[in-house]
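Trainee: Here you go, one structure.
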2 protein chains.
Amino acid sequence: MAITLENTIAALLKAKKYKTLRDILAATNEADIAALFDELPEENLPVLFRLMPKDLAADTFALMDADLQELLIKGFSDSELKEVLDELYLDDVADIVDEMPANVVKRILANSTPEKRRQINEILKYPEDSAGSLMTIEYISLRLKMTVKEAIKRIKRTISDKETIYTCYVTDDNRKLLGYVSVKNLLIADLDEKISDIMDTIPVWVHTHDDKEDVAKKMSKYDFATMAVVDDEMRLVGIITFDDAIDVMQEETTEDLERMAAIAPTEDGYFKTPDIIHAKNRIVWLLILMLSAAITGSILAKYEAAFSAVPILVSFIPMLMGTGGNCGAQSSTMIIRGMAVDDIKLSDFFKVLWTELRVSLMLSIALAVVNGARIVLMYKDTRLAAVISLAIVLIVIMSQVIGCTLPMLAKRLKLDPAVMASPLITTIVDAGSIMIYFTIATKFFAI
Amino acid sequence: MAITLENTIAALLKAKKYKTLRDILAATNEADIAALFDELPEENLPVLFRLMPKDLAADTFALMDADLQELLIKGFSDSELKEVLDELYLDDVADIVDEMPANVVKRILANSTPEKRRQINEILKYPEDSAGSLMTIEYISLRLKMTVKEAIKRIKRTISDKETIYTCYVTDDNRKLLGYVSVKNLLIADLDEKISDIMDTIPVWVHTHDDKEDVAKKMSKYDFATMAVVDDEMRLVGIITFDDAIDVMQEETTEDLERMAAIAPTEDGYFKTPDIIHAKNRIVWLLILMLSAAITGSILAKYEAAFSAVPILVSFIPMLMGTGGNCGAQSSTMIIRGMAVDDIKLSDFFKVLWTELRVSLMLSIALAVVNGARIVLMYKDTRLAAVISLAIVLIVIMSQVIGCTLPMLAKRLKLDPAVMASPLITTIVDAGSIMIYFTIATKFFAI
């Protein structure tokens with residue numbers, strides 16, 4: 001669908017059918033237009049942007065990629081910039097300011113009201129991964145003594161047309177958080193009821209300096225559409241909405257997956273990242289892992305006498321190293337994910353270790369039997385089968401123990417457990433597999 | 001915090017301080033009580049459950065694990081079961097029915113009203129991963145001709161005290177979806193305004209048979225707190241709320257991660273899964289990968305003459321296979337994640353291939369230079385260094401090409417791209433690495 005619309009718009013632009021374009025854009029959702037802008041040639045964006053109604057243009061602007069925002073801002077006159085800024089939510093402006101080069105930031109701040117400028121700076125002062133940086137300060141606050149009628153009047157006066165509210169917060173004269181009233185309860189209450197009578201207490205809130213990942217987890221646990229953000233004196237300073245929490249979760253997932261594949265996390269999408277950054281993000285771990293694997297190679301070189309005497313031993317190296325790596329990857333993934341969703345805690349270490357030991361015993365026996373049978377059938381050599389099968393049992397057990405231990409150790413050391421995923425585990429396990437294999441082989445073949 | 005409360009409750013139970021327990025529970029949030037129940041000995045649950053106020057008990061019940069729900073239901077009298085069921089939302093009851101053994105389901109349905117029974121069956125008939133199975137049918141529907149006053153009256157009459165609403169949907173006499181009104185707009189509108197005047201159009205909705213993962217993605221893209229679910233005649237049949245969408249995203253992430261580590265996805269958490277299921281989920285891929293690696297071994301065996309003549313060649317096998325595997329894992333992870341977040345489309349195949357080729361060229365040269373230098377320093381053998389460096393360049397390029405191609409091929413074949421992650425890629429790449437390595441080595445060393 002997006003592709004068809006893209007072609008239509010390109011054709012209409014060429015034919016200068018601006019009236020038709022204006023109608024199409026006005027009838028399209030901002031998220032769809034932002035996606036469309038990503039596909040269209042950059043030179044078309046300023047024209048299309050100016051064809052949109054002001055509020056739609058601002059909503060679309062907030063959803064666009066930083067590089068396209070920059071492109072548009074650079075082409076804006078001051079009054080155009082001011083118009084867009086006036087329509088945007090504060091947290092979106094703060095996000096944009098955060099991404100732009102200094103000269104663009106200057107223009108943005110120069111075109112904001114002093115009050116808005118103060119508020120933007122307020123949000124910008126919180127550390128990047130904190131709840132404070134994620135929150136918006138445009139929330140509804142009510143007082144205990146208000147009647148429902150007064151509350152509705154206040155809401156009508158303070159919020160913009162397009163803003164959606166899910167919850168109103170109740171504070172005292174010092175902005176201390178006392179409770180909340182859902183919009184639904186305001187709606188169905190009698191107009192002369194007191195806010196104090198329909199208010200609910202808040203079971204959980206977050207501090208400005210809390211990690212944004214923890215905030216997202218809490219919102220998901222409690223099914224909150226908005227989360228109250230308080231300062232150290234329990235004063236309400238902002239709210240975080242569920243859509244921002246979802247974005248945080250998505251970003252964290254991408255970051256974890258990249259770490260688990262030994263890639264330094266990126267901010268941008270795949271195609272937005274220049275080649276050199278792709279290479280930079282991958283090279284560090286590749287080098288570390290390559291040099292570690294060279295150590296495994298040196299260990300292997302020590303057994304030259306063994307594989308010179310029985311050359312067939314070499315051909316089982318890929319299978320044994322591979323199986324060890326796979327078992328280690330399975331264990332580490334289960335543990336990393338379990339810790340990420342709070343299913344596994346650090347204090348569960350011995351419980352985890354014991355589980356993995358039991359599971360590895362089952363797996364190793366099954367794998368050893370299948371592989372032993374294959375070797376007896378193919379090579380008619382029971383001694384060889386015994387060596388390989390015994391090696392598999394020990395390698396699988398070792399791999400799963402290492403695979404479950406290292407992520408928990410990383411967490412204990414306050415590192416991200418995700419770095420202890422397949423690539424690193426595999427490399428570590430490889431060295432152990434080689435040692436186990438050749439120790440057994442040299443014993444059995446009396447080399 | 002949870003641990004302290006856990007100990008306090010255990011102590012109070014022992015001392016039979018039921019009044020105190022009742023007060024503590026009543027003051028605690030349902031999500032926290034559900035987490036607490038997971039930690040406490042099972043025999044304590046029925047007592048604690050009966051100490052809670054009815055609506056809190058029902059909310060807690062909906063959040064508990066299926067095995068604890070089953071335990072409680074089995075201990076309930078029919079009237080107790082009826083009380084809990086009456087307080088639950090329909091989609092929660094449907095979820096519970098879905099998880100319970102047949103005899104428990106029978107009791108649940110027997111204790112529901114005929115109307116509720118019909119509605120539960122309605123939800124249950126949708127396929128497991130569909131929007132229909134995720135939705136709740138308890139939504140607010142308004143008519144075009146209603147005034148705001150009438151709409152509020154209808155809402156007061158139809159919704160329960162504890163239910164939260166974010167959006168009201170507007171339908172015609174045949175339940176056809178026409179638009180929506182946010183609760184905020186109802187609140188700030190004049191009482192005699194018509195719904196048709198304050199209604200907004202809906203930019204996007206989903207069908208009952210749509211995949212629930214796509215629904216979650218759409219809700220995240222459009223920042224919707226609720227998504228309308230329609231049937232083939234565009235009649236509104238239910239809504240999906242953001243909290244369920246977040247749960248779907250979390251489940252899908254866990255599933256993807258497990259698939260990427262060659263584990264069959266599980267429903268339950270790590271500790272809830274019995275050993276034998278852990279083993280079953282892991283053994284299938286381990287066997288497949290082990291037997292595939294045996295093929296790599298057979299290829300290696302063919303070069304016996306080469307490594308018998310130059311035994312040092314063997315010691316570079318772990319490094320070359322490892323580097324190939326890591327490069328393949330990096331590429332496949334980037335592509336799998338890129339496709340999961342719709343950043344990369346199938347039509348981008350050649351763009352992706354070209355990017356990976358360029359990046360792999362940079363990476364392979366860097367790795368070859370570092371490794372070549374190491375070998376010259378350690379072994380004073382430039383021919384060996386040349387062989388290994390050339391092998392690295394070709395192996396890295398091959399691995400990244402395979403690493404980006406296979407996930408896209410899997411998607412093209414309508415398989416889950418996540419199965420084409422590290423373990424499988426590594427195993428496939430290993431065979432290629434061995435062939436490249438020994439082809440070059442036999443040429444250079446004229447073996």
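By order of appearance in the structure tokens: chains A, B, ..., then residues from 1 within every chain, and ligands from 1 in the order shown.
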Just the residues within 10 Å of B:Ala418, please, counting only C-alpha atoms, with nothing from its chain fewer than 3 positions along; format it as a list in words.
Mentor: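 Here the answer would be Glu255, Asp256, Leu257, Glu258, Arg259, Met260, Ala261, Ala262, Ser332, Thr333, Ile335, Ile336, Arg337, Met339, Ala340, Pro407, Ala410, Lys411, Leu415, Ala421 and Ser422 of chain B.
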Trainee: Write a file of the just-selected residues containing N, CA, C and O atoms, as a PDB file, in the first residue's frame.
Mentor:
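So part14.pdb came out as:
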ATOM      1  N   GLU B 255      10.443 -15.618  22.207  1.00  0.00           N
ATOM      2  CA  GLU B 255      10.361 -16.680  21.209  1.00  0.00           C
ATOM      3  C   GLU B 255      11.473 -16.532  20.166  1.00  0.00           C
ATOM      4  O   GLU B 255      12.138 -17.495  19.812  1.00  0.00           O
ATOM      5  N   ASP B 256      11.667 -15.295  19.687  1.00  0.00           N
ATOM      6  CA  ASP B 256      12.712 -15.046  18.687  1.00  0.00           C
ATOM      7  C   ASP B 256      14.083 -15.388  19.236  1.00  0.00           C
ATOM      8  O   ASP B 256      14.894 -16.023  18.564  1.00  0.00           O
ATOM      9  N   LEU B 257      14.335 -14.944  20.479  1.00  0.00           N
ATOM     10  CA  LEU B 257      15.642 -15.212  21.084  1.00  0.00           C
ATOM     11  C   LEU B 257      15.876 -16.708  21.209  1.00  0.00           C
ATOM     12  O   LEU B 257      16.971 -17.200  20.958  1.00  0.00           O
ATOM     13  N   GLU B 258      14.842 -17.432  21.619  1.00  0.00           N
ATOM     14  CA  GLU B 258      14.993 -18.882  21.761  1.00  0.00           C
ATOM     15  C   GLU B 258      15.269 -19.516  20.398  1.00  0.00           C
ATOM     16  O   GLU B 258      16.187 -20.315  20.253  1.00  0.00           O
ATOM     17  N   ARG B 259      14.474 -19.130  19.396  1.00  0.00           N
ATOM     18  CA  ARG B 259      14.704 -19.663  18.056  1.00  0.00           C
ATOM     19  C   ARG B 259      16.112 -19.362  17.584  1.00  0.00           C
ATOM     20  O   ARG B 259      16.759 -20.186  16.952  1.00  0.00           O
ATOM     21  N   MET B 260      16.586 -18.144  17.886  1.00  0.00           N
ATOM     22  CA  MET B 260      17.913 -17.742  17.433  1.00  0.00           C
ATOM     23  C   MET B 260      19.014 -18.537  18.130  1.00  0.00           C
ATOM     24  O   MET B 260      20.151 -18.558  17.675  1.00  0.00           O
ATOM     25  N   ALA B 261      18.696 -19.151  19.266  1.00  0.00           N
ATOM     26  CA  ALA B 261      19.685 -19.987  19.947  1.00  0.00           C
ATOM     27  C   ALA B 261      19.380 -21.458  19.707  1.00  0.00           C
ATOM     28  O   ALA B 261      19.857 -22.320  20.438  1.00  0.00           O
ATOM     29  N   ALA B 262      18.570 -21.760  18.680  1.00  0.00           N
ATOM     30  CA  ALA B 262      18.239 -23.137  18.324  1.00  0.00           C
ATOM     31  C   ALA B 262      17.495 -23.865  19.441  1.00  0.00           C
ATOM     32  O   ALA B 262      17.752 -25.020  19.742  1.00  0.00           O
ATOM     33  N   SER B 332      23.513 -12.119  10.134  1.00  0.00           N
ATOM     34  CA  SER B 332      22.158 -12.665  10.223  1.00  0.00           C
ATOM     35  C   SER B 332      21.361 -11.965  11.314  1.00  0.00           C
ATOM     36  O   SER B 332      20.184 -11.673  11.142  1.00  0.00           O
ATOM     37  N   THR B 333      22.002 -11.633  12.450  1.00  0.00           N
ATOM     38  CA  THR B 333      21.291 -10.934  13.520  1.00  0.00           C
ATOM     39  C   THR B 333      20.809  -9.560  13.056  1.00  0.00           C
ATOM     40  O   THR B 333      19.666  -9.174  13.307  1.00  0.00           O
ATOM     41  N   ILE B 335      20.100  -8.600  10.093  1.00  0.00           N
ATOM     42  CA  ILE B 335      19.028  -8.738   9.101  1.00  0.00           C
ATOM     43  C   ILE B 335      17.739  -9.233   9.759  1.00  0.00           C
ATOM     44  O   ILE B 335      16.647  -8.724   9.473  1.00  0.00           O
ATOM     45  N   ILE B 336      17.867 -10.218  10.666  1.00  0.00           N
ATOM     46  CA  ILE B 336      16.676 -10.743  11.345  1.00  0.00           C
ATOM     47  C   ILE B 336      15.982  -9.635  12.128  1.00  0.00           C
ATOM     48  O   ILE B 336      14.770  -9.449  12.041  1.00  0.00           O
ATOM     49  N   ARG B 337      16.775  -8.853  12.889  1.00  0.00           N
ATOM     50  CA  ARG B 337      16.182  -7.781  13.675  1.00  0.00           C
ATOM     51  C   ARG B 337      15.610  -6.692  12.762  1.00  0.00           C
ATOM     52  O   ARG B 337      14.529  -6.169  12.999  1.00  0.00           O
ATOM     53  N   MET B 339      14.384  -7.005   9.849  1.00  0.00           N
ATOM     54  CA  MET B 339      13.093  -7.435   9.288  1.00  0.00           C
ATOM     55  C   MET B 339      12.013  -7.442  10.362  1.00  0.00           C
ATOM     56  O   MET B 339      10.855  -7.119  10.087  1.00  0.00           O
ATOM     57  N   ALA B 340      12.391  -7.789  11.610  1.00  0.00           N
ATOM     58  CA  ALA B 340      11.395  -7.842  12.692  1.00  0.00           C
ATOM     59  C   ALA B 340      10.812  -6.463  12.966  1.00  0.00           C
ATOM     60  O   ALA B 340       9.639  -6.348  13.293  1.00  0.00           O
ATOM     61  N   PRO B 407      18.445 -15.561   6.177  1.00  0.00           N
ATOM     62  CA  PRO B 407      17.238 -15.082   6.860  1.00  0.00           C
ATOM     63  C   PRO B 407      16.210 -14.512   5.876  1.00  0.00           C
ATOM     64  O   PRO B 407      15.006 -14.708   6.051  1.00  0.00           O
ATOM     65  N   ALA B 410      14.547 -17.370   4.169  1.00  0.00           N
ATOM     66  CA  ALA B 410      13.572 -17.995   5.077  1.00  0.00           C
ATOM     67  C   ALA B 410      12.269 -17.206   5.073  1.00  0.00           C
ATOM     68  O   ALA B 410      11.183 -17.769   4.976  1.00  0.00           O
ATOM     69  N   LYS B 411      12.370 -15.881   5.156  1.00  0.00           N
ATOM     70  CA  LYS B 411      11.163 -15.053   5.165  1.00  0.00           C
ATOM     71  C   LYS B 411      10.398 -15.215   3.847  1.00  0.00           C
ATOM     72  O   LYS B 411       9.170 -15.305   3.844  1.00  0.00           O
ATOM     73  N   LEU B 415       8.980 -18.852   6.332  1.00  0.00           N
ATOM     74  CA  LEU B 415       9.460 -19.434   7.588  1.00  0.00           C
ATOM     75  C   LEU B 415       9.854 -18.289   8.516  1.00  0.00           C
ATOM     76  O   LEU B 415      10.011 -17.156   8.079  1.00  0.00           O
ATOM     77  N   ALA B 421      19.571 -18.099  12.542  1.00  0.00           N
ATOM     78  CA  ALA B 421      20.480 -17.323  13.380  1.00  0.00           C
ATOM     79  C   ALA B 421      21.749 -18.116  13.670  1.00  0.00           C
ATOM     80  O   ALA B 421      21.947 -19.194  13.114  1.00  0.00           O
ATOM     81  N   SER B 422      22.578 -17.563  14.560  1.00  0.00           N
ATOM     82  CA  SER B 422      23.926 -18.092  14.787  1.00  0.00           C
ATOM     83  C   SER B 422      24.105 -19.595  14.638  1.00  0.00           C
ATOM     84  O   SER B 422      24.913 -20.017  13.813  1.00  0.00           O
TER      85      SER B 422
END
Trainee: Using DSSP on the backbone coordinates, identify the residues of stretch 136-171 of chain A assigned to strand (DSSP E); present them as a PyMOL selection string.
Mentor: chain A and resi 141-142+167-171
Trainee: Chain A residues within 6 Å of chain B, counting only C-alpha atoms: which ones, as a list of chain:residue names?
Mentor: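 The complete set of qualifying residues is A:Lys156, A:Leu187, A:Ile188, A:Asp223, A:Asp243, A:Ala261, A:Asp275, A:Ala279, A:Met290, A:Ala293, A:Ala294, A:Gly297, A:Leu300, A:Ala301, A:Ser315, A:Phe316, A:Pro318, A:Met319, A:Thr323, A:Gln330, A:Val359.
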Trainee: Go ahead and save the residues from that selection, with all heavy atoms, as a tab-separated table (two decimals), in the first residue's frame.
Mentor:
chain	number	residue	atom	x	y	z
A	156	LYS	N	-10.25	21.59	30.59
A	156	LYS	CA	-10.63	22.31	29.36
A	156	LYS	C	-9.69	23.48	29.11
A	156	LYS	O	-9.33	23.78	27.98
A	156	LYS	CB	-12.06	22.87	29.48
A	156	LYS	CG	-13.14	21.90	29.11
A	156	LYS	CD	-14.47	22.63	29.01
A	156	LYS	CE	-15.59	21.62	28.88
A	156	LYS	NZ	-16.92	22.23	28.96
A	187	LEU	N	-15.49	11.36	34.29
A	187	LEU	CA	-16.60	11.42	33.36
A	187	LEU	C	-17.90	10.95	34.00
A	187	LEU	O	-18.95	11.55	33.82
A	187	LEU	CB	-16.27	10.54	32.14
A	187	LEU	CG	-17.20	10.57	30.96
A	187	LEU	CD1	-17.02	11.88	30.22
A	187	LEU	CD2	-16.90	9.40	30.04
A	188	ILE	N	-17.82	9.84	34.77
A	188	ILE	CA	-19.05	9.26	35.29
A	188	ILE	C	-19.40	9.76	36.69
A	188	ILE	O	-20.43	9.41	37.24
A	188	ILE	CB	-19.02	7.71	35.26
A	188	ILE	CG1	-17.92	7.16	36.15
A	188	ILE	CG2	-18.84	7.20	33.83
A	188	ILE	CD1	-17.93	5.64	36.22
A	223	ASP	N	0.52	-2.69	34.09
A	223	ASP	CA	-0.43	-2.32	33.03
A	223	ASP	C	-0.85	-0.86	33.09
A	223	ASP	O	-2.03	-0.54	32.93
A	223	ASP	CB	-1.69	-3.21	33.08
A	223	ASP	CG	-1.37	-4.65	32.70
A	223	ASP	OD1	-0.28	-4.90	32.15
A	223	ASP	OD2	-2.22	-5.52	32.94
A	243	ASP	N	3.28	4.68	25.18
A	243	ASP	CA	3.91	4.58	23.86
A	243	ASP	C	5.42	4.79	23.96
A	243	ASP	O	6.18	4.13	23.26
A	243	ASP	CB	3.26	5.56	22.87
A	243	ASP	CG	3.13	6.96	23.45
A	243	ASP	OD1	2.69	7.08	24.61
A	243	ASP	OD2	3.46	7.93	22.76
A	261	ALA	N	25.05	-10.83	19.52
A	261	ALA	CA	25.74	-11.26	18.31
A	261	ALA	C	27.10	-10.59	18.20
A	261	ALA	O	27.70	-10.55	17.13
A	261	ALA	CB	24.89	-10.94	17.08
A	275	ASP	N	28.52	2.48	6.11
A	275	ASP	CA	29.34	1.27	6.08
A	275	ASP	C	30.40	1.26	7.17
A	275	ASP	O	30.61	0.27	7.86
A	275	ASP	CB	30.07	1.15	4.73
A	275	ASP	CG	29.12	0.79	3.61
A	275	ASP	OD1	27.92	0.62	3.91
A	275	ASP	OD2	29.58	0.69	2.47
A	279	ALA	N	31.07	-1.42	10.10
A	279	ALA	CA	32.34	-2.13	10.26
A	279	ALA	C	32.90	-1.89	11.66
A	279	ALA	O	33.34	-2.83	12.34
A	279	ALA	CB	33.33	-1.69	9.19
A	290	MET	N	38.75	-13.47	17.41
A	290	MET	CA	39.72	-14.10	16.52
A	290	MET	C	40.99	-14.43	17.29
A	290	MET	O	41.54	-15.53	17.18
A	290	MET	CB	40.04	-13.19	15.33
A	290	MET	CG	40.96	-13.82	14.31
A	290	MET	SD	41.30	-12.69	12.93
A	290	MET	CE	42.50	-11.59	13.68
A	293	ALA	N	40.43	-17.26	19.63
A	293	ALA	CA	40.39	-18.54	18.92
A	293	ALA	C	41.81	-19.00	18.55
A	293	ALA	O	42.07	-20.20	18.43
A	293	ALA	CB	39.53	-18.43	17.67
A	294	ALA	N	42.71	-18.02	18.38
A	294	ALA	CA	44.09	-18.38	18.09
A	294	ALA	C	44.70	-19.14	19.27
A	294	ALA	O	45.53	-20.03	19.10
A	294	ALA	CB	44.90	-17.13	17.77
A	297	GLY	N	43.73	-22.54	18.99
A	297	GLY	CA	44.60	-23.13	17.97
A	297	GLY	C	45.93	-23.58	18.56
A	297	GLY	O	46.43	-24.67	18.23
A	300	LEU	N	45.46	-26.69	20.40
A	300	LEU	CA	45.33	-27.78	19.43
A	300	LEU	C	46.71	-28.21	18.90
A	300	LEU	O	46.97	-29.41	18.73
A	300	LEU	CB	44.42	-27.30	18.29
A	300	LEU	CG	43.97	-28.28	17.22
A	300	LEU	CD1	43.35	-29.52	17.86
A	300	LEU	CD2	42.94	-27.60	16.31
A	301	ALA	N	47.57	-27.22	18.64
A	301	ALA	CA	48.89	-27.52	18.08
A	301	ALA	C	49.70	-28.44	19.00
A	301	ALA	O	50.53	-29.23	18.54
A	301	ALA	CB	49.65	-26.22	17.81
A	315	SER	N	38.95	-34.95	12.01
A	315	SER	CA	37.65	-34.73	11.36
A	315	SER	C	36.49	-34.61	12.35
A	315	SER	O	35.40	-34.21	11.97
A	315	SER	CB	37.38	-35.85	10.35
A	315	SER	OG	37.09	-37.04	11.04
A	316	PHE	N	36.71	-34.93	13.63
A	316	PHE	CA	35.63	-34.76	14.60
A	316	PHE	C	35.67	-33.40	15.31
A	316	PHE	O	34.79	-33.07	16.10
A	316	PHE	CB	35.65	-35.89	15.64
A	316	PHE	CG	35.34	-37.23	15.02
A	316	PHE	CD1	36.36	-38.12	14.72
A	316	PHE	CD2	34.04	-37.57	14.69
A	316	PHE	CE1	36.08	-39.34	14.12
A	316	PHE	CE2	33.76	-38.79	14.09
A	316	PHE	CZ	34.78	-39.67	13.79
A	318	PRO	N	35.21	-30.23	14.15
A	318	PRO	CA	34.07	-29.32	13.92
A	318	PRO	C	32.82	-29.76	14.67
A	318	PRO	O	32.12	-28.92	15.25
A	318	PRO	CB	33.84	-29.42	12.40
A	318	PRO	CG	35.13	-29.86	11.83
A	318	PRO	CD	35.76	-30.74	12.88
A	319	MET	N	32.55	-31.07	14.70
A	319	MET	CA	31.34	-31.56	15.35
A	319	MET	C	31.40	-31.32	16.86
A	319	MET	O	30.42	-30.87	17.46
A	319	MET	CB	31.19	-33.05	15.03
A	319	MET	CG	29.85	-33.62	15.32
A	319	MET	SD	29.89	-34.42	16.90
A	319	MET	CE	31.01	-35.77	16.52
A	323	THR	N	28.99	-28.67	18.70
A	323	THR	CA	28.01	-29.10	19.70
A	323	THR	C	28.22	-28.37	21.02
A	323	THR	O	27.26	-27.91	21.65
A	323	THR	CB	28.09	-30.63	19.89
A	323	THR	OG1	27.86	-31.25	18.62
A	323	THR	CG2	27.07	-31.12	20.89
A	330	GLN	N	22.66	-22.17	23.90
A	330	GLN	CA	21.30	-22.42	24.39
A	330	GLN	C	21.19	-22.02	25.86
A	330	GLN	O	20.28	-21.28	26.25
A	330	GLN	CB	20.95	-23.90	24.23
A	330	GLN	CG	20.69	-24.31	22.78
A	330	GLN	CD	20.27	-25.77	22.66
A	330	GLN	OE1	20.61	-26.58	23.53
A	330	GLN	NE2	19.56	-26.10	21.61
A	359	VAL	N	19.74	-31.08	32.98
A	359	VAL	CA	19.35	-31.06	31.56
A	359	VAL	C	20.53	-31.50	30.70
A	359	VAL	O	20.38	-32.27	29.74
A	359	VAL	CB	18.85	-29.66	31.15
A	359	VAL	CG1	18.60	-29.59	29.66
A	359	VAL	CG2	17.59	-29.31	31.92
Trainee: Enumerate the residues of stretch 85-209 of chain A with a DSSP assignment of alpha helix (DSSP H), computed from the backbone, and present them as a PyMOL selection string.
Mentor: chain A and resi 85-87+90-99+102-110+114-124+131-134+148-158+183-188+195-198
Trainee: Just how far from atom CA of A:Asn103 is atom CA of A:Asp78, in Å to one decimal?
Mentor: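 Going from atom CA of A:Asp78 over to atom CA of A:Asn103 covers 13.5 Å.
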Trainee: Excluding A:Ala66 and its own-chain neighbours fewer than 3 positions away, which residues fall within 10 Å of it when counting only C-alpha atoms? Please give them as a PyMOL selection string.
Mentor: chain A and resi 61-63+69-72+95-100+268
Trainee: Excluding same-chain residues fewer than 3 positions from B:Leu384, what lies within 12 Å of it counting only C-alpha atoms, as a PyMOL selection string?
Mentor: chain B and resi 310-313+315-316+371-381+387-391+437+440-445
Trainee: Between atom CA of A:Gly403 and atom CA of B:Val396, what is the distance, to one decimal in Å?
Mentor: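 Here the two named atoms are 25.8 Å from each other.
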Trainee: Can you list, as a PyMOL selection string, every protein, DNA or RNA residue that comes within 8 Å of stretch 168-173 of chain B when you count only C-alpha atoms, leaving out same-chain residues fewer than 2 positions away?
Mentor: chain B and resi 139-144+165-166+175-183+199+236
Trainee: Save out the residues we just selected, N, CA, C and O atoms, as a tab-separated table (two decimals), in the first residue's frame.
Mentor:
chain	number	residue	atom	x	y	z
B	139	TYR	N	-16.21	-3.36	25.48
B	139	TYR	CA	-15.84	-2.02	25.05
B	139	TYR	C	-17.07	-1.13	25.08
B	139	TYR	O	-18.20	-1.63	25.23
B	140	ILE	N	-16.85	0.17	24.96
B	140	ILE	CA	-17.97	1.11	24.96
B	140	ILE	C	-18.32	1.43	23.51
B	140	ILE	O	-17.47	1.87	22.75
B	141	SER	N	-19.58	1.20	23.12
B	141	SER	CA	-19.95	1.64	21.78
B	141	SER	C	-21.04	2.69	21.86
B	141	SER	O	-22.00	2.57	22.62
B	142	LEU	N	-20.85	3.74	21.10
B	142	LEU	CA	-21.80	4.85	21.09
B	142	LEU	C	-22.41	4.98	19.70
B	142	LEU	O	-21.93	4.39	18.74
B	143	ARG	N	-23.50	5.75	19.60
B	143	ARG	CA	-24.15	5.97	18.32
B	143	ARG	C	-23.99	7.42	17.89
B	143	ARG	O	-23.91	8.32	18.72
B	144	LEU	N	-24.02	7.65	16.57
B	144	LEU	CA	-23.83	8.99	16.01
B	144	LEU	C	-24.80	10.03	16.57
B	144	LEU	O	-24.43	11.17	16.83
B	165	ILE	N	-11.33	2.87	30.72
B	165	ILE	CA	-11.56	2.99	29.29
B	165	ILE	C	-10.69	4.10	28.73
B	165	ILE	O	-10.39	5.08	29.41
B	166	TYR	N	-10.21	3.91	27.54
B	166	TYR	CA	-9.36	4.91	26.90
B	166	TYR	C	-10.08	5.56	25.72
B	166	TYR	O	-9.91	6.72	25.44
B	175	ARG	N	-23.74	-2.40	13.94
B	175	ARG	CA	-22.44	-2.54	14.61
B	175	ARG	C	-21.26	-2.20	13.71
B	175	ARG	O	-20.13	-2.49	14.05
B	176	LYS	N	-21.51	-1.60	12.56
B	176	LYS	CA	-20.40	-1.19	11.69
B	176	LYS	C	-19.62	-0.06	12.34
B	176	LYS	O	-20.18	0.90	12.84
B	177	LEU	N	-18.30	-0.16	12.29
B	177	LEU	CA	-17.43	0.82	12.93
B	177	LEU	C	-17.41	2.13	12.14
B	177	LEU	O	-17.12	2.13	10.94
B	178	LEU	N	-17.72	3.25	12.81
B	178	LEU	CA	-17.76	4.54	12.11
B	178	LEU	C	-16.64	5.48	12.54
B	178	LEU	O	-16.19	6.31	11.76
B	179	GLY	N	-16.23	5.38	13.80
B	179	GLY	CA	-15.22	6.30	14.30
B	179	GLY	C	-15.02	6.12	15.79
B	179	GLY	O	-15.47	5.13	16.36
B	180	TYR	N	-14.33	7.07	16.40
B	180	TYR	CA	-14.14	6.95	17.85
B	180	TYR	C	-14.21	8.31	18.51
B	180	TYR	O	-14.08	9.36	17.87
B	181	VAL	N	-14.44	8.29	19.82
B	181	VAL	CA	-14.42	9.50	20.64
B	181	VAL	C	-13.52	9.19	21.83
B	181	VAL	O	-13.73	8.18	22.52
B	182	SER	N	-12.51	10.01	22.06
B	182	SER	CA	-11.68	9.77	23.22
B	182	SER	C	-12.45	10.17	24.47
B	182	SER	O	-13.33	11.05	24.42
B	183	VAL	N	-12.14	9.53	25.58
B	183	VAL	CA	-12.84	9.83	26.83
B	183	VAL	C	-12.61	11.30	27.21
B	183	VAL	O	-13.49	11.97	27.71
B	199	MET	N	-16.84	13.22	17.05
B	199	MET	CA	-16.22	11.94	16.66
B	199	MET	C	-15.01	12.16	15.76
B	199	MET	O	-14.97	13.07	14.95
B	236	LEU	N	-17.70	-3.94	14.43
B	236	LEU	CA	-16.83	-3.96	15.60
B	236	LEU	C	-17.15	-5.19	16.46
B	236	LEU	O	-18.29	-5.39	16.85
Trainee: Considering only C-alpha atoms, can you say which of A:Val104, A:Ala15, A:Ile428, A:Val237 comes closest to A:Thr208?
Mentor: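 Nearest to A:Thr208: A:Val237.
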Trainee: For B:Arg235, which residue among B:Ile425, B:Val206, B:Ala34, B:Ile402 is the nearest when counting only C-alpha atoms?
Mentor: B:Val206
Trainee: Of the candidates B:Lys116, B:Lys54, B:Gly432, B:Leu5, which one gets nearest to B:Met398 if we count only C-alpha atoms?
Mentor: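 Using only C-alpha atoms, B:Met398 sits closest to B:Gly432.
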